[in-house]
file protein-v7.cif (mmCIF, N, CA and C atoms)
data_entry
loop_
_atom_site.label_atom_id
_atom_site.label_comp_id
_atom_site.auth_asym_id
_atom_site.auth_seq_id
_atom_site.Cartn_x
_atom_site.Cartn_y
_atom_site.Cartn_z
N MET A 1 0.85 -1.18 0.00
CA MET A 1 0.00 0.00 0.00
C MET A 1 0.89 1.24 0.00
N ALA A 2 0.58 2.21 -0.87
CA ALA A 2 1.36 3.43 -0.99
C ALA A 2 1.20 4.29 0.26
N VAL A 3 2.21 5.11 0.52
CA VAL A 3 2.19 6.00 1.68
C VAL A 3 0.97 6.91 1.63
N ASP A 4 0.72 7.51 0.45
CA ASP A 4 -0.44 8.40 0.31
C ASP A 4 -1.74 7.67 0.62
N GLU A 5 -1.84 6.44 0.13
CA GLU A 5 -3.05 5.65 0.36
C GLU A 5 -3.25 5.40 1.86
N CYS A 6 -2.18 5.12 2.56
CA CYS A 6 -2.27 4.94 4.02
C CYS A 6 -2.72 6.24 4.69
N TYR A 7 -2.20 7.35 4.23
CA TYR A 7 -2.56 8.66 4.77
C TYR A 7 -4.05 8.94 4.55
N TYR A 8 -4.53 8.70 3.33
CA TYR A 8 -5.95 8.92 3.04
C TYR A 8 -6.83 8.01 3.89
N ARG A 9 -6.43 6.75 4.00
CA ARG A 9 -7.20 5.79 4.80
C ARG A 9 -7.24 6.23 6.27
N GLU A 10 -6.12 6.76 6.77
CA GLU A 10 -6.04 7.24 8.14
C GLU A 10 -6.99 8.42 8.37
N ILE A 11 -7.03 9.34 7.40
CA ILE A 11 -7.95 10.48 7.49
C ILE A 11 -9.39 9.98 7.54
N LEU A 12 -9.73 9.07 6.66
CA LEU A 12 -11.10 8.54 6.62
C LEU A 12 -11.47 7.84 7.92
N THR A 13 -10.62 6.96 8.40
CA THR A 13 -10.95 6.22 9.62
C THR A 13 -11.00 7.14 10.84
N SER A 14 -10.19 8.20 10.85
CA SER A 14 -10.23 9.13 11.98
C SER A 14 -11.57 9.88 12.03
N LYS A 15 -12.26 9.94 10.90
CA LYS A 15 -13.57 10.60 10.83
C LYS A 15 -14.72 9.59 10.87
N GLY A 16 -14.37 8.32 11.11
CA GLY A 16 -15.41 7.29 11.23
C GLY A 16 -15.95 6.80 9.90
N ILE A 17 -15.15 6.92 8.85
CA ILE A 17 -15.56 6.49 7.51
C ILE A 17 -14.68 5.33 7.07
N LYS A 18 -15.30 4.33 6.48
CA LYS A 18 -14.54 3.19 5.97
C LYS A 18 -13.68 3.65 4.79
N GLY A 19 -12.44 3.23 4.77
CA GLY A 19 -11.49 3.63 3.72
C GLY A 19 -11.60 2.76 2.49
N THR A 20 -12.69 2.92 1.72
CA THR A 20 -12.88 2.13 0.51
C THR A 20 -11.95 2.60 -0.59
N ARG A 21 -11.71 1.74 -1.54
CA ARG A 21 -10.85 2.06 -2.69
C ARG A 21 -11.39 3.28 -3.43
N GLN A 22 -12.71 3.35 -3.61
CA GLN A 22 -13.30 4.47 -4.34
C GLN A 22 -13.12 5.79 -3.59
N ARG A 23 -13.30 5.79 -2.29
CA ARG A 23 -13.09 7.01 -1.50
C ARG A 23 -11.64 7.45 -1.55
N ILE A 24 -10.75 6.49 -1.46
CA ILE A 24 -9.32 6.80 -1.53
C ILE A 24 -8.96 7.39 -2.89
N ASP A 25 -9.55 6.84 -3.97
CA ASP A 25 -9.29 7.38 -5.31
C ASP A 25 -9.76 8.83 -5.42
N VAL A 26 -10.95 9.13 -4.88
CA VAL A 26 -11.47 10.50 -4.91
C VAL A 26 -10.54 11.43 -4.13
N MET A 27 -10.13 10.99 -2.95
CA MET A 27 -9.23 11.82 -2.14
C MET A 27 -7.89 12.03 -2.84
N ALA A 28 -7.37 11.00 -3.49
CA ALA A 28 -6.09 11.12 -4.19
C ALA A 28 -6.17 12.17 -5.29
N VAL A 29 -7.27 12.19 -6.03
CA VAL A 29 -7.44 13.18 -7.09
C VAL A 29 -7.49 14.58 -6.48
N LEU A 30 -8.26 14.76 -5.42
CA LEU A 30 -8.37 16.08 -4.80
C LEU A 30 -7.06 16.54 -4.18
N PHE A 31 -6.36 15.65 -3.50
CA PHE A 31 -5.08 16.02 -2.89
C PHE A 31 -4.04 16.39 -3.95
N SER A 32 -4.12 15.77 -5.12
CA SER A 32 -3.11 16.03 -6.15
C SER A 32 -3.42 17.26 -7.00
N SER A 33 -4.60 17.84 -6.82
CA SER A 33 -4.99 18.99 -7.64
C SER A 33 -4.65 20.31 -6.95
N ALA A 34 -4.11 21.23 -7.73
CA ALA A 34 -3.79 22.56 -7.20
C ALA A 34 -5.01 23.48 -7.23
N VAL A 35 -6.08 23.04 -7.89
CA VAL A 35 -7.29 23.85 -8.00
C VAL A 35 -8.50 23.01 -7.60
N PRO A 36 -9.58 23.66 -7.18
CA PRO A 36 -10.80 22.91 -6.90
C PRO A 36 -11.31 22.23 -8.18
N LEU A 37 -11.97 21.10 -8.01
CA LEU A 37 -12.46 20.32 -9.14
C LEU A 37 -13.95 20.08 -9.04
N THR A 38 -14.59 19.88 -10.19
CA THR A 38 -15.99 19.47 -10.20
C THR A 38 -16.05 17.96 -10.02
N ALA A 39 -17.22 17.45 -9.69
CA ALA A 39 -17.40 16.00 -9.59
C ALA A 39 -17.09 15.35 -10.93
N ASP A 40 -17.46 16.02 -12.03
CA ASP A 40 -17.15 15.50 -13.36
C ASP A 40 -15.65 15.38 -13.57
N ASP A 41 -14.91 16.41 -13.16
CA ASP A 41 -13.44 16.38 -13.29
C ASP A 41 -12.86 15.18 -12.54
N ILE A 42 -13.35 14.97 -11.33
CA ILE A 42 -12.85 13.88 -10.50
C ILE A 42 -13.17 12.54 -11.14
N TYR A 43 -14.41 12.39 -11.59
CA TYR A 43 -14.86 11.15 -12.24
C TYR A 43 -13.98 10.83 -13.47
N ILE A 44 -13.77 11.83 -14.33
CA ILE A 44 -12.98 11.63 -15.54
C ILE A 44 -11.54 11.28 -15.21
N HIS A 45 -10.98 11.95 -14.22
CA HIS A 45 -9.60 11.67 -13.82
C HIS A 45 -9.45 10.23 -13.35
N ILE A 46 -10.38 9.75 -12.54
CA ILE A 46 -10.32 8.38 -12.04
C ILE A 46 -10.55 7.39 -13.18
N ARG A 47 -11.56 7.66 -14.01
CA ARG A 47 -11.87 6.76 -15.13
C ARG A 47 -10.68 6.65 -16.08
N ASP A 48 -10.11 7.80 -16.46
CA ASP A 48 -9.01 7.79 -17.42
C ASP A 48 -7.69 7.35 -16.81
N GLY A 49 -7.58 7.43 -15.48
CA GLY A 49 -6.35 7.03 -14.80
C GLY A 49 -6.31 5.56 -14.40
N GLY A 50 -7.34 4.83 -14.76
CA GLY A 50 -7.36 3.40 -14.46
C GLY A 50 -7.69 3.09 -13.01
N GLY A 51 -8.30 4.02 -12.32
CA GLY A 51 -8.68 3.79 -10.93
C GLY A 51 -9.86 2.84 -10.82
N GLU A 52 -10.31 2.64 -9.61
CA GLU A 52 -11.46 1.79 -9.34
C GLU A 52 -12.65 2.27 -10.18
N LYS A 53 -13.38 1.31 -10.77
CA LYS A 53 -14.56 1.69 -11.56
C LYS A 53 -15.62 2.25 -10.63
N LEU A 54 -16.18 3.38 -11.05
CA LEU A 54 -17.24 3.99 -10.28
C LEU A 54 -18.07 4.86 -11.21
N SER A 55 -19.28 5.16 -10.79
CA SER A 55 -20.16 6.01 -11.57
C SER A 55 -20.05 7.46 -11.08
N LEU A 56 -20.55 8.37 -11.88
CA LEU A 56 -20.56 9.77 -11.49
C LEU A 56 -21.41 9.96 -10.24
N SER A 57 -22.51 9.24 -10.14
CA SER A 57 -23.36 9.37 -8.94
C SER A 57 -22.62 8.90 -7.70
N THR A 58 -21.75 7.92 -7.84
CA THR A 58 -20.95 7.46 -6.70
C THR A 58 -19.97 8.55 -6.28
N VAL A 59 -19.38 9.25 -7.25
CA VAL A 59 -18.48 10.35 -6.93
C VAL A 59 -19.24 11.41 -6.12
N TYR A 60 -20.45 11.75 -6.55
CA TYR A 60 -21.25 12.73 -5.81
C TYR A 60 -21.55 12.25 -4.39
N ARG A 61 -21.89 10.98 -4.23
CA ARG A 61 -22.17 10.44 -2.89
C ARG A 61 -20.92 10.49 -2.01
N ILE A 62 -19.78 10.14 -2.58
CA ILE A 62 -18.53 10.20 -1.83
C ILE A 62 -18.22 11.64 -1.42
N LEU A 63 -18.38 12.58 -2.34
CA LEU A 63 -18.12 13.98 -2.02
C LEU A 63 -19.07 14.49 -0.94
N ASP A 64 -20.32 14.05 -0.98
CA ASP A 64 -21.28 14.44 0.04
C ASP A 64 -20.85 13.90 1.41
N THR A 65 -20.44 12.64 1.45
CA THR A 65 -19.97 12.03 2.71
C THR A 65 -18.73 12.75 3.23
N LEU A 66 -17.77 13.00 2.33
CA LEU A 66 -16.54 13.68 2.74
C LEU A 66 -16.83 15.11 3.19
N GLY A 67 -17.82 15.73 2.58
CA GLY A 67 -18.22 17.08 2.98
C GLY A 67 -18.86 17.09 4.36
N GLN A 68 -19.73 16.12 4.63
CA GLN A 68 -20.37 16.03 5.94
C GLN A 68 -19.35 15.82 7.05
N LYS A 69 -18.27 15.13 6.75
CA LYS A 69 -17.22 14.88 7.74
C LYS A 69 -16.12 15.94 7.72
N GLU A 70 -16.35 17.01 6.94
CA GLU A 70 -15.43 18.15 6.85
C GLU A 70 -14.03 17.77 6.38
N ILE A 71 -13.97 16.80 5.48
CA ILE A 71 -12.72 16.44 4.82
C ILE A 71 -12.60 17.22 3.52
N VAL A 72 -13.75 17.43 2.87
CA VAL A 72 -13.82 18.13 1.60
C VAL A 72 -14.76 19.32 1.77
N ALA A 73 -14.43 20.43 1.10
CA ALA A 73 -15.30 21.61 1.13
C ALA A 73 -15.80 21.90 -0.27
N LYS A 74 -17.07 22.26 -0.34
CA LYS A 74 -17.65 22.74 -1.59
C LYS A 74 -17.28 24.22 -1.65
N THR A 75 -16.41 24.59 -2.60
CA THR A 75 -15.87 25.94 -2.59
C THR A 75 -16.64 26.91 -3.44
N GLY A 76 -17.54 26.47 -4.26
CA GLY A 76 -18.28 27.42 -5.08
C GLY A 76 -18.92 26.77 -6.27
N LEU A 77 -19.46 27.59 -7.13
CA LEU A 77 -20.13 27.13 -8.33
C LEU A 77 -19.48 27.75 -9.56
N ILE A 78 -19.49 27.01 -10.66
CA ILE A 78 -18.99 27.54 -11.92
C ILE A 78 -20.15 27.56 -12.90
N GLU A 79 -19.87 27.97 -14.13
CA GLU A 79 -20.92 28.01 -15.15
C GLU A 79 -21.66 26.69 -15.20
N GLY A 80 -22.95 26.75 -15.37
CA GLY A 80 -23.75 25.54 -15.39
C GLY A 80 -24.16 25.09 -14.01
N GLY A 81 -23.77 25.83 -12.98
CA GLY A 81 -24.18 25.51 -11.62
C GLY A 81 -23.43 24.35 -10.99
N LYS A 82 -22.32 23.93 -11.59
CA LYS A 82 -21.56 22.82 -11.03
C LYS A 82 -20.71 23.29 -9.85
N ALA A 83 -20.72 22.51 -8.80
CA ALA A 83 -19.96 22.84 -7.60
C ALA A 83 -18.50 22.45 -7.79
N LEU A 84 -17.64 23.19 -7.10
CA LEU A 84 -16.21 22.88 -7.04
C LEU A 84 -15.90 22.32 -5.66
N TYR A 85 -15.01 21.35 -5.61
CA TYR A 85 -14.65 20.69 -4.35
C TYR A 85 -13.15 20.74 -4.16
N GLU A 86 -12.74 20.87 -2.90
CA GLU A 86 -11.32 20.82 -2.56
C GLU A 86 -11.17 20.23 -1.16
N ILE A 87 -9.99 19.74 -0.88
CA ILE A 87 -9.68 19.21 0.45
C ILE A 87 -9.68 20.35 1.45
N VAL A 88 -10.26 20.13 2.62
CA VAL A 88 -10.22 21.14 3.69
C VAL A 88 -8.80 21.18 4.23
N SER A 89 -8.22 22.37 4.16
CA SER A 89 -6.81 22.48 4.57
C SER A 89 -6.65 23.06 5.97
N GLY A 90 -7.71 23.63 6.51
CA GLY A 90 -7.61 24.25 7.82
C GLY A 90 -7.07 25.67 7.76
N VAL A 91 -6.73 26.12 6.55
CA VAL A 91 -6.20 27.46 6.37
C VAL A 91 -7.36 28.37 5.97
N HIS A 92 -7.49 29.48 6.68
CA HIS A 92 -8.53 30.46 6.37
C HIS A 92 -8.09 31.25 5.15
N ARG A 93 -8.87 31.14 4.07
CA ARG A 93 -8.49 31.85 2.86
C ARG A 93 -9.73 32.21 2.05
N HIS A 94 -9.52 33.15 1.16
CA HIS A 94 -10.55 33.61 0.26
C HIS A 94 -9.97 33.62 -1.14
N ASN A 95 -10.83 33.41 -2.13
CA ASN A 95 -10.32 33.20 -3.47
C ASN A 95 -11.08 33.96 -4.54
N LEU A 96 -10.38 34.23 -5.63
CA LEU A 96 -10.99 34.58 -6.90
C LEU A 96 -11.00 33.28 -7.69
N ILE A 97 -12.12 32.95 -8.32
CA ILE A 97 -12.23 31.69 -9.04
C ILE A 97 -12.63 31.97 -10.48
N CYS A 98 -11.82 31.49 -11.42
CA CYS A 98 -12.13 31.66 -12.83
C CYS A 98 -13.22 30.67 -13.23
N ILE A 99 -14.29 31.17 -13.84
CA ILE A 99 -15.41 30.30 -14.22
C ILE A 99 -15.11 29.52 -15.49
N LYS A 100 -14.02 29.82 -16.16
CA LYS A 100 -13.64 29.10 -17.38
C LYS A 100 -12.68 27.94 -17.08
N CYS A 101 -11.54 28.26 -16.48
CA CYS A 101 -10.49 27.24 -16.26
C CYS A 101 -10.43 26.74 -14.82
N HIS A 102 -11.23 27.31 -13.95
CA HIS A 102 -11.29 26.95 -12.53
C HIS A 102 -10.04 27.38 -11.76
N LYS A 103 -9.22 28.23 -12.36
CA LYS A 103 -8.03 28.72 -11.66
C LYS A 103 -8.47 29.41 -10.38
N LEU A 104 -7.75 29.14 -9.33
CA LEU A 104 -8.04 29.72 -8.03
C LEU A 104 -6.93 30.70 -7.69
N ILE A 105 -7.30 31.94 -7.46
CA ILE A 105 -6.32 32.97 -7.11
C ILE A 105 -6.61 33.40 -5.68
N PRO A 106 -5.75 33.02 -4.73
CA PRO A 106 -6.00 33.37 -3.33
C PRO A 106 -5.82 34.86 -3.07
N LEU A 107 -6.70 35.40 -2.24
CA LEU A 107 -6.55 36.78 -1.79
C LEU A 107 -5.59 36.76 -0.61
N GLY A 108 -4.75 37.77 -0.51
CA GLY A 108 -3.73 37.80 0.53
C GLY A 108 -4.28 37.84 1.94
N ASP A 109 -5.22 38.71 2.19
CA ASP A 109 -5.77 38.88 3.53
C ASP A 109 -7.27 38.68 3.51
N CYS A 110 -7.83 38.47 4.67
CA CYS A 110 -9.28 38.36 4.79
C CYS A 110 -9.88 39.77 4.78
N PRO A 111 -10.69 40.07 3.76
CA PRO A 111 -11.28 41.40 3.70
C PRO A 111 -12.52 41.56 4.58
N LEU A 112 -12.88 40.53 5.31
CA LEU A 112 -14.12 40.56 6.08
C LEU A 112 -13.93 40.73 7.59
N GLY A 113 -12.70 40.81 8.05
CA GLY A 113 -12.44 40.89 9.49
C GLY A 113 -13.16 42.04 10.18
N ASP A 114 -12.97 43.25 9.68
CA ASP A 114 -13.62 44.41 10.28
C ASP A 114 -15.13 44.35 10.13
N PHE A 115 -15.59 43.92 8.97
CA PHE A 115 -17.02 43.79 8.72
C PHE A 115 -17.66 42.80 9.69
N GLU A 116 -16.99 41.65 9.88
CA GLU A 116 -17.47 40.63 10.81
C GLU A 116 -17.57 41.18 12.24
N LYS A 117 -16.55 41.88 12.67
CA LYS A 117 -16.52 42.47 14.02
C LYS A 117 -17.66 43.47 14.19
N ASN A 118 -17.87 44.31 13.17
CA ASN A 118 -18.96 45.29 13.20
C ASN A 118 -20.32 44.59 13.29
N LEU A 119 -20.49 43.52 12.54
CA LEU A 119 -21.75 42.77 12.60
C LEU A 119 -22.00 42.21 14.00
N GLU A 120 -20.96 41.66 14.59
CA GLU A 120 -21.10 41.13 15.95
C GLU A 120 -21.47 42.23 16.93
N ASP A 121 -20.81 43.37 16.81
CA ASP A 121 -21.06 44.49 17.73
C ASP A 121 -22.48 45.04 17.58
N THR A 122 -22.96 45.14 16.35
CA THR A 122 -24.27 45.76 16.12
C THR A 122 -25.44 44.81 16.26
N THR A 123 -25.22 43.51 16.06
CA THR A 123 -26.33 42.56 16.09
C THR A 123 -26.31 41.63 17.29
N GLY A 124 -25.16 41.51 17.94
CA GLY A 124 -25.04 40.54 19.03
C GLY A 124 -24.89 39.11 18.52
N PHE A 125 -24.84 38.95 17.21
CA PHE A 125 -24.70 37.64 16.59
C PHE A 125 -23.25 37.20 16.71
N ARG A 126 -23.00 36.01 17.23
CA ARG A 126 -21.64 35.49 17.37
C ARG A 126 -21.31 34.72 16.10
N ILE A 127 -20.41 35.26 15.30
CA ILE A 127 -20.05 34.67 14.01
C ILE A 127 -19.00 33.59 14.22
N SER A 128 -19.25 32.42 13.64
CA SER A 128 -18.31 31.31 13.80
C SER A 128 -17.46 31.06 12.56
N GLY A 129 -17.81 31.70 11.47
CA GLY A 129 -17.03 31.52 10.26
C GLY A 129 -17.72 32.14 9.06
N HIS A 130 -17.04 32.11 7.92
CA HIS A 130 -17.62 32.65 6.69
C HIS A 130 -16.86 32.09 5.50
N LYS A 131 -17.47 32.25 4.33
CA LYS A 131 -16.82 31.94 3.06
C LYS A 131 -16.94 33.16 2.18
N PHE A 132 -15.92 33.42 1.41
CA PHE A 132 -15.94 34.57 0.52
C PHE A 132 -15.23 34.19 -0.76
N GLU A 133 -15.97 34.19 -1.86
CA GLU A 133 -15.41 33.85 -3.15
C GLU A 133 -15.95 34.83 -4.18
N ILE A 134 -15.11 35.19 -5.11
CA ILE A 134 -15.51 36.06 -6.20
C ILE A 134 -15.26 35.30 -7.50
N TYR A 135 -16.28 35.30 -8.35
CA TYR A 135 -16.20 34.57 -9.61
C TYR A 135 -16.02 35.53 -10.77
N GLY A 136 -15.29 35.09 -11.76
CA GLY A 136 -15.08 35.89 -12.96
C GLY A 136 -14.21 35.13 -13.93
N VAL A 137 -13.61 35.85 -14.85
CA VAL A 137 -12.75 35.24 -15.87
C VAL A 137 -11.34 35.77 -15.68
N CYS A 138 -10.38 34.86 -15.54
CA CYS A 138 -8.99 35.24 -15.30
C CYS A 138 -8.37 35.87 -16.55
N PRO A 139 -7.26 36.59 -16.38
CA PRO A 139 -6.61 37.23 -17.54
C PRO A 139 -6.23 36.24 -18.64
N ASP A 140 -5.78 35.05 -18.29
CA ASP A 140 -5.40 34.06 -19.31
C ASP A 140 -6.59 33.66 -20.17
N CYS A 141 -7.73 33.41 -19.53
CA CYS A 141 -8.93 33.00 -20.27
C CYS A 141 -9.51 34.15 -21.08
N ARG A 142 -9.36 35.38 -20.59
CA ARG A 142 -9.86 36.54 -21.33
C ARG A 142 -9.10 36.73 -22.64
N GLN A 143 -7.84 36.29 -22.68
CA GLN A 143 -7.03 36.45 -23.88
C GLN A 143 -7.35 35.40 -24.95
N ILE A 144 -7.98 34.30 -24.55
CA ILE A 144 -8.31 33.23 -25.50
C ILE A 144 -9.52 33.65 -26.31
N LYS A 145 -9.37 33.62 -27.63
CA LYS A 145 -10.48 34.01 -28.51
C LYS A 145 -11.56 32.93 -28.46
N GLN A 146 -12.80 33.40 -28.40
CA GLN A 146 -13.91 32.44 -28.33
C GLN A 146 -14.77 32.54 -29.55
#

call {"tool": "encode", "arguments": {"input": "protein-v7.cif", "output": "C-alpha cells"}}
result
Amino acid sequence: MAVDECYYREILTSKGIKGTRQRIDVMAVLFSSAVPLTADDIYIHIRDGGGEKLSLSTVYRILDTLGQKEIVAKTGLIEGGKALYEIVSGVHRHNLICIKCHKLIPLGDCPLGDFEKNLEDTTGFRISGHKFEIYGVCPDCRQIKQ
C-alpha cells in the first residue's frame, strides 16, 4: 500500500468512515490537484487514470460524505451551476475563481475581518465563520479568442 493511500485511509478512519478504494481514489485526485475540481473532473480523472470503476453518482455520494465529515469543502459554483470541491486544509483563505479554467487565485488577507466584528457588535450575533469567493474570468482565459 502506498504511503499516500495509508494517509488517506487514516484520514477517513479518523472521521469514522470506511477507507474504501473508491473514497481513496477521490481523495487522491483532490489532494493532487492545485485547483478545486468538479465531480465530473474527479470522475474523468479516475476513469481515465485506471482507478477503481465507479459512476458519477458514486463520486457525488462520496463527495457528500466527505463534505459532511469536513474532509472536503464545496468551494463554489462555476458556469452551469456545477460545484467545485477541494480538500479542507484548515487554512482560512478567500479566493478569486475563474469560471472558465477553474483557476483559483487566493486573496492575501481576509477582507471581512472588520465587517465581521462590526456585525457582531451591532447585532449581538456570534459569528463562527464565513466563506468569501468572487467569480469571474482570469486574464489568461480573457485572452483566449472564443

call {"tool": "atom_distance", "arguments": {"input": "protein-v7.cif", "atom1": "atom N of Thr38 of chain A", "atom2": "atom C of Cys110 of chain A"}}
result
25.3 Å

call {"tool": "select_by_dssp", "arguments": {"input": "protein-v7.cif", "residues": "chain A", "states": "strand (DSSP E or B)", "output": "JSON list (two decimals) with N, CA and C atoms, keeping the file's coordinate frame"}}
result
[["chain", "number", "residue", "atom", "x", "y", "z"],
["A", 37, "LEU", "N", -11.97, 21.10, -8.01],
["A", 37, "LEU", "CA", -12.46, 20.32, -9.14],
["A", 37, "LEU", "C", -13.95, 20.08, -9.04],
["A", 72, "VAL", "N", -13.75, 17.43, 2.87],
["A", 72, "VAL", "CA", -13.82, 18.13, 1.60],
["A", 72, "VAL", "C", -14.76, 19.32, 1.77],
["A", 73, "ALA", "N", -14.43, 20.43, 1.10],
["A", 73, "ALA", "CA", -15.30, 21.61, 1.13],
["A", 73, "ALA", "C", -15.80, 21.90, -0.27],
["A", 74, "LYS", "N", -17.07, 22.26, -0.34],
["A", 74, "LYS", "CA", -17.65, 22.74, -1.59],
["A", 74, "LYS", "C", -17.28, 24.22, -1.65],
["A", 75, "THR", "N", -16.41, 24.59, -2.60],
["A", 75, "THR", "CA", -15.87, 25.94, -2.59],
["A", 75, "THR", "C", -16.64, 26.91, -3.44],
["A", 76, "GLY", "N", -17.54, 26.47, -4.26],
["A", 76, "GLY", "CA", -18.28, 27.42, -5.08],
["A", 76, "GLY", "C", -18.92, 26.77, -6.27],
["A", 77, "LEU", "N", -19.46, 27.59, -7.13],
["A", 77, "LEU", "CA", -20.13, 27.13, -8.33],
["A", 77, "LEU", "C", -19.48, 27.75, -9.56],
["A", 83, "ALA", "N", -20.72, 22.51, -8.80],
["A", 83, "ALA", "CA", -19.96, 22.84, -7.60],
["A", 83, "ALA", "C", -18.50, 22.45, -7.79],
["A", 84, "LEU", "N", -17.64, 23.19, -7.10],
["A", 84, "LEU", "CA", -16.21, 22.88, -7.04],
["A", 84, "LEU", "C", -15.90, 22.32, -5.66],
["A", 85, "TYR", "N", -15.01, 21.35, -5.61],
["A", 85, "TYR", "CA", -14.65, 20.69, -4.35],
["A", 85, "TYR", "C", -13.15, 20.74, -4.16],
["A", 86, "GLU", "N", -12.74, 20.87, -2.90],
["A", 86, "GLU", "CA", -11.32, 20.82, -2.56],
["A", 86, "GLU", "C", -11.17, 20.23, -1.16],
["A", 87, "ILE", "N", -9.99, 19.74, -0.88],
["A", 87, "ILE", "CA", -9.68, 19.21, 0.45],
["A", 87, "ILE", "C", -9.68, 20.35, 1.45],
["A", 95, "ASN", "N", -10.83, 33.41, -2.13],
["A", 95, "ASN", "CA", -10.32, 33.20, -3.47],
["A", 95, "ASN", "C", -11.08, 33.96, -4.54],
["A", 96, "LEU", "N", -10.38, 34.23, -5.63],
["A", 96, "LEU", "CA", -10.99, 34.58, -6.90],
["A", 96, "LEU", "C", -11.00, 33.28, -7.69],
["A", 97, "ILE", "N", -12.12, 32.95, -8.32],
["A", 97, "ILE", "CA", -12.23, 31.69, -9.04],
["A", 97, "ILE", "C", -12.63, 31.97, -10.48],
["A", 98, "CYS", "N", -11.82, 31.49, -11.42],
["A", 98, "CYS", "CA", -12.13, 31.66, -12.83],
["A", 98, "CYS", "C", -13.22, 30.67, -13.23],
["A", 104, "LEU", "N", -7.75, 29.14, -9.33],
["A", 104, "LEU", "CA", -8.04, 29.72, -8.03],
["A", 104, "LEU", "C", -6.93, 30.70, -7.69],
["A", 105, "ILE", "N", -7.30, 31.94, -7.46],
["A", 105, "ILE", "CA", -6.32, 32.97, -7.11],
["A", 105, "ILE", "C", -6.61, 33.40, -5.68],
["A", 106, "PRO", "N", -5.75, 33.02, -4.73],
["A", 106, "PRO", "CA", -6.00, 33.37, -3.33],
["A", 106, "PRO", "C", -5.82, 34.86, -3.07],
["A", 133, "GLU", "N", -15.97, 34.19, -1.86],
["A", 133, "GLU", "CA", -15.41, 33.85, -3.15],
["A", 133, "GLU", "C", -15.95, 34.83, -4.18],
["A", 134, "ILE", "N", -15.11, 35.19, -5.11],
["A", 134, "ILE", "CA", -15.51, 36.06, -6.20],
["A", 134, "ILE", "C", -15.26, 35.30, -7.50],
["A", 135, "TYR", "N", -16.28, 35.30, -8.35],
["A", 135, "TYR", "CA", -16.20, 34.57, -9.61],
["A", 135, "TYR", "C", -16.02, 35.53, -10.77],
["A", 136, "GLY", "N", -15.29, 35.09, -11.76],
["A", 136, "GLY", "CA", -15.08, 35.89, -12.96],
["A", 136, "GLY", "C", -14.21, 35.13, -13.93]]

call {"tool": "residues_around", "arguments": {"input": "protein-v7.cif", "residues": "segment 26-36 of chain A", "least_positions_apart": "6", "cutoff": "7 Å", "atoms": "only C-alpha atoms", "output": "PyMOL selection string"}}
result
chain A and resi 8+42+84-87+102-104

call {"tool": "closest_residue", "arguments": {"input": "protein-v7.cif", "among": "A:His130, A:Ser89, A:Asp109, A:Tyr7", "to": "Val72 of chain A", "atoms": "all atoms listed in the file"}}
result
A:Ser89

call {"tool": "resolve_selection", "arguments": {"input": "protein-v7.cif", "expression": "the PyMOL selection byres (((chain A and resi 54 and name CA) around 12) and name CA)", "output": "PyMOL selection string"}}
result
chain A and resi 20-23+25-26+40+42-48+50-53+55-62

call {"tool": "closest_residue", "arguments": {"input": "protein-v7.cif", "among": "A:Leu112, A:Leu12, A:Leu77, A:Ile71", "to": "Arg93 of chain A", "atoms": "only C-alpha atoms"}}
result
A:Leu112

call {"tool": "resolve_selection", "arguments": {"input": "protein-v7.cif", "expression": "the PyMOL selection byres ((chain A and resi 107) around 5)", "output": "PDB file with N, CA and C atoms, in the coordinates of the input"}}
result
ATOM      1  N   HIS A  94      -9.520  33.150   1.160  1.00  0.00           N
ATOM      2  CA  HIS A  94     -10.550  33.610   0.260  1.00  0.00           C
ATOM      3  C   HIS A  94      -9.970  33.620  -1.140  1.00  0.00           C
ATOM      4  N   ASN A  95     -10.830  33.410  -2.130  1.00  0.00           N
ATOM      5  CA  ASN A  95     -10.320  33.200  -3.470  1.00  0.00           C
ATOM      6  C   ASN A  95     -11.080  33.960  -4.540  1.00  0.00           C
ATOM      7  N   ILE A 105      -7.300  31.940  -7.460  1.00  0.00           N
ATOM      8  CA  ILE A 105      -6.320  32.970  -7.110  1.00  0.00           C
ATOM      9  C   ILE A 105      -6.610  33.400  -5.680  1.00  0.00           C
ATOM     10  N   PRO A 106      -5.750  33.020  -4.730  1.00  0.00           N
ATOM     11  CA  PRO A 106      -6.000  33.370  -3.330  1.00  0.00           C
ATOM     12  C   PRO A 106      -5.820  34.860  -3.070  1.00  0.00           C
ATOM     13  N   GLY A 108      -4.750  37.770  -0.510  1.00  0.00           N
ATOM     14  CA  GLY A 108      -3.730  37.800   0.530  1.00  0.00           C
ATOM     15  C   GLY A 108      -4.280  37.840   1.940  1.00  0.00           C
ATOM     16  N   ASP A 109      -5.220  38.710   2.190  1.00  0.00           N
ATOM     17  CA  ASP A 109      -5.770  38.880   3.530  1.00  0.00           C
ATOM     18  C   ASP A 109      -7.270  38.680   3.510  1.00  0.00           C
TER      19      ASP A 109
END

call {"tool": "closest_residue", "arguments": {"input": "protein-v7.cif", "among": "A:Gly16, A:Cys101, A:Gly80, A:Leu96", "to": "Cys141 of chain A", "atoms": "all atoms listed in the file"}}
result
A:Cys101

call {"tool": "select_by_dssp", "arguments": {"input": "protein-v7.cif", "residues": "segment 102-135 of chain A", "states": "alpha helix (DSSP H)", "output": "PyMOL selection string"}}
result
chain A and resi 113-123

call {"tool": "residues_near_point", "arguments": {"input": "protein-v7.cif", "point": "(-14.7, 10.3, 12.7)", "cutoff": "12 Å", "atoms": "only C-alpha atoms", "output": "VMD selection string"}}
result
chain A and resid 9 to 19 65 to 66 68 to 71

call {"tool": "atom_distance", "arguments": {"input": "protein-v7.cif", "atom1": "atom C of Tyr135 of chain A", "atom2": "atom N of Gly67 of chain A"}}
result
23.9 Å

call {"tool": "atom_distance", "arguments": {"input": "protein-v7.cif", "atom1": "atom N of Cys98 of chain A", "atom2": "atom CA of Lys117 of chain A"}}
result
28.1 Å

call {"tool": "closest_residue", "arguments": {"input": "protein-v7.cif", "among": "A:Ala83, A:Asp4, A:Thr75, A:Ala39", "to": "Glu133 of chain A", "atoms": "all atoms listed in the file"}}
result
A:Thr75

call {"tool": "axis_aligned_box", "arguments": {"input": "protein-v7.cif", "around": "segment 99-116 of chain A", "padding_each_side": "6 Å", "output": "AutoDock Vina command-line options"}}
result
--center_x -10.7 --center_y 35.6 --center_z -2.6 --size_x 25.9 --size_y 29.7 --size_z 41.6
